[in-house]
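Here is the structure we will look at.
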Amino acid sequence: MPEGDELAAALTVRLAHGPVSDVVGFAEQLSWALYRLDRKEYGDGLSSDQLLYTRAAVVAAGRAEYEGVLRDPQRFMPYANELIWAEALLYVPDNAYKRLTGDAWDRSTRYSYASYSNTAGWNDA
């Protein structure tokens, strides 16, 4: 989605001005936000890529929308049904780090944003 690409590009430029700790902080916050949306009520029936890119679109939509989706999983449905994606958001930390340091970043974050990694979110209630 073009809006996701534009947001990712703007964030990359901003983070590439440093410091590295801002890039690390962004990566941690992004992974936490995506991890929290990795739940059965959001992704049942979606492929792992569809779920990941759709969760990224919710994050890209801003804090108010993100929090609204967390409170009401039905708000996630338009993203899933219309395949609204923001895949480019996932690469912001890597791209910003590369621009800032000239090196590739083999990062790991406290939480995995990979689909289905939040095992508690996929347990049947």
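The way I read the labels, and the way they are meant: chains A, B, ... in the order of the structure tokens, residue 1 as the first residue of every chain, and ligand 1 as the first ligand shown, with later ones counted on from there.
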Enumerate, in order of chain and increasing residue number, the residues of segment 17-38 of chain A with an atom no farther than 10 Å from segment 8-12 of chain A, each with its shortest atom pair and distance in Å to one decimal, counting only C-alpha atoms, as CSV.
residue,atom,partner,partner_atom,distance
A:His17,CA,A:Thr12,CA,8.9
A:Val23,CA,A:Thr12,CA,9.0
A:Phe26,CA,A:Leu11,CA,9.6
Produce a table with one row for each residue of segment 34-97 of chain A that has an atom at most 7 Å from any atom of segment 109-117 of chain A, each row naming the nearest atom pair and its distance in Å at one decimal; use only C-alpha atoms; arrange rows by chain and rising residue number; format as CSV.
residue,atom,partner,partner_atom,distance
A:Leu34,CA,A:Tyr113,CA,5.4
A:Tyr35,CA,A:Tyr113,CA,5.1
A:Asp38,CA,A:Ser115,CA,6.1
A:Ser48,CA,A:Ser115,CA,5.2
A:Leu51,CA,A:Ser115,CA,6.5
A:Leu52,CA,A:Ser115,CA,5.7
Produce a file of the selected residues containing N, CA and C atoms, as an mmCIF file, in the first residue's frame.
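File produced: result-v9.cif:
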data_model
loop_
_atom_site.group_PDB
_atom_site.id
_atom_site.type_symbol
_atom_site.label_atom_id
_atom_site.label_comp_id
_atom_site.auth_asym_id
_atom_site.auth_seq_id
_atom_site.Cartn_x
_atom_site.Cartn_y
_atom_site.Cartn_z
ATOM 1 N N LEU A 34 3.380 -5.441 17.123
ATOM 2 C CA LEU A 34 2.983 -6.514 16.213
ATOM 3 C C LEU A 34 2.694 -7.805 16.980
ATOM 4 N N TYR A 35 3.490 -8.084 17.985
ATOM 5 C CA TYR A 35 3.292 -9.275 18.810
ATOM 6 C C TYR A 35 1.923 -9.241 19.488
ATOM 7 N N ASP A 38 -0.809 -10.414 17.298
ATOM 8 C CA ASP A 38 -0.652 -11.783 16.801
ATOM 9 C C ASP A 38 -1.544 -12.702 17.634
ATOM 10 N N SER A 48 0.435 -16.693 7.093
ATOM 11 C CA SER A 48 1.355 -15.991 7.988
ATOM 12 C C SER A 48 1.761 -14.627 7.423
ATOM 13 N N LEU A 51 -1.247 -12.175 7.628
ATOM 14 C CA LEU A 51 -1.432 -11.715 9.003
ATOM 15 C C LEU A 51 -0.360 -10.715 9.401
ATOM 16 N N LEU A 52 0.876 -10.974 9.078
ATOM 17 C CA LEU A 52 1.967 -10.073 9.435
ATOM 18 C C LEU A 52 1.813 -8.710 8.772
#
How many Å lie between atom CA of Ala56 of chain A and atom CA of Leu90 of chain A, rounded to one decimal?
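Computing it gives 7.3 Å between the two atoms.
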How many Å lie between atom CA of Val92 of chain A and atom CA of Val13 of chain A, rounded to one decimal?
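Between these atoms lies a distance of 9.1 Å.
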Could you pull the residues within 12 Å of Pro78 of chain A, counting only C-alpha atoms, minus those fewer than 4 positions along the same chain, as a PDB file with N, CA and C atoms, in the first residue's frame?
ATOM      1  N   TYR A  42      -7.634 -12.139  15.422  1.00  0.00           N
ATOM      2  CA  TYR A  42      -7.268 -11.261  14.310  1.00  0.00           C
ATOM      3  C   TYR A  42      -6.900 -12.056  13.062  1.00  0.00           C
ATOM      4  N   THR A  54      -0.793  -7.332   7.467  1.00  0.00           N
ATOM      5  CA  THR A  54      -2.021  -6.676   7.905  1.00  0.00           C
ATOM      6  C   THR A  54      -1.835  -6.086   9.300  1.00  0.00           C
ATOM      7  N   ARG A  55      -1.178  -6.819  10.180  1.00  0.00           N
ATOM      8  CA  ARG A  55      -0.876  -6.273  11.507  1.00  0.00           C
ATOM      9  C   ARG A  55      -0.014  -5.025  11.379  1.00  0.00           C
ATOM     10  N   ALA A  57      -0.075  -2.928   8.956  1.00  0.00           N
ATOM     11  CA  ALA A  57      -0.943  -1.840   8.500  1.00  0.00           C
ATOM     12  C   ALA A  57      -1.705  -1.222   9.664  1.00  0.00           C
ATOM     13  N   VAL A  58      -2.125  -2.035  10.605  1.00  0.00           N
ATOM     14  CA  VAL A  58      -2.815  -1.506  11.791  1.00  0.00           C
ATOM     15  C   VAL A  58      -1.863  -0.606  12.575  1.00  0.00           C
ATOM     16  N   VAL A  69      -8.238  -1.279  17.669  1.00  0.00           N
ATOM     17  CA  VAL A  69      -8.245  -2.664  17.201  1.00  0.00           C
ATOM     18  C   VAL A  69      -7.977  -3.616  18.367  1.00  0.00           C
ATOM     19  N   PRO A  73     -11.606  -6.446  18.267  1.00  0.00           N
ATOM     20  CA  PRO A  73     -11.041  -7.189  17.132  1.00  0.00           C
ATOM     21  C   PRO A  73     -11.832  -7.035  15.821  1.00  0.00           C
ATOM     22  N   GLN A  74     -13.098  -6.671  15.890  1.00  0.00           N
ATOM     23  CA  GLN A  74     -13.871  -6.472  14.655  1.00  0.00           C
ATOM     24  C   GLN A  74     -13.295  -5.339  13.811  1.00  0.00           C
ATOM     25  N   GLU A  82      -9.724  -6.604   3.108  1.00  0.00           N
ATOM     26  CA  GLU A  82      -9.284  -5.812   1.951  1.00  0.00           C
ATOM     27  C   GLU A  82      -7.787  -5.946   1.699  1.00  0.00           C
ATOM     28  N   LEU A  83      -7.133  -6.814   2.488  1.00  0.00           N
ATOM     29  CA  LEU A  83      -5.686  -7.026   2.389  1.00  0.00           C
ATOM     30  C   LEU A  83      -4.937  -5.696   2.386  1.00  0.00           C
ATOM     31  N   ILE A  84      -5.212  -4.890   3.396  1.00  0.00           N
ATOM     32  CA  ILE A  84      -4.490  -3.632   3.584  1.00  0.00           C
ATOM     33  C   ILE A  84      -3.192  -3.978   4.294  1.00  0.00           C
ATOM     34  N   TRP A  85      -2.079  -3.728   3.635  1.00  0.00           N
ATOM     35  CA  TRP A  85      -0.778  -4.145   4.129  1.00  0.00           C
ATOM     36  C   TRP A  85       0.166  -2.965   4.285  1.00  0.00           C
TER      37      TRP A  85
END
Which residues are near Gly18 of chain A? Cut-off 9 Å, only C-alpha atoms, ignore same chain within fewer than 5 positions. Put them as a PyMOL selection string.
chain A and resi 23+96-97+100
Print the selection's residues with N, CA, C and O atoms to a file, as an mmCIF file, in the first residue's frame.
data_model
loop_
_atom_site.group_PDB
_atom_site.id
_atom_site.type_symbol
_atom_site.label_atom_id
_atom_site.label_comp_id
_atom_site.auth_asym_id
_atom_site.auth_seq_id
_atom_site.Cartn_x
_atom_site.Cartn_y
_atom_site.Cartn_z
ATOM 1 N N VAL A 23 16.964 3.674 16.778
ATOM 2 C CA VAL A 23 16.636 2.586 15.845
ATOM 3 C C VAL A 23 16.286 1.327 16.644
ATOM 4 O O VAL A 23 15.288 0.661 16.365
ATOM 5 N N ALA A 96 17.221 1.855 8.332
ATOM 6 C CA ALA A 96 17.743 3.006 9.072
ATOM 7 C C ALA A 96 19.124 2.694 9.641
ATOM 8 O O ALA A 96 20.038 3.525 9.574
ATOM 9 N N TYR A 97 19.284 1.519 10.186
ATOM 10 C CA TYR A 97 20.581 1.122 10.749
ATOM 11 C C TYR A 97 21.653 1.095 9.667
ATOM 12 O O TYR A 97 22.775 1.575 9.876
ATOM 13 N N LEU A 100 22.593 4.594 8.792
ATOM 14 C CA LEU A 100 23.262 5.259 9.911
ATOM 15 C C LEU A 100 24.686 4.754 10.103
ATOM 16 O O LEU A 100 25.600 5.541 10.356
#
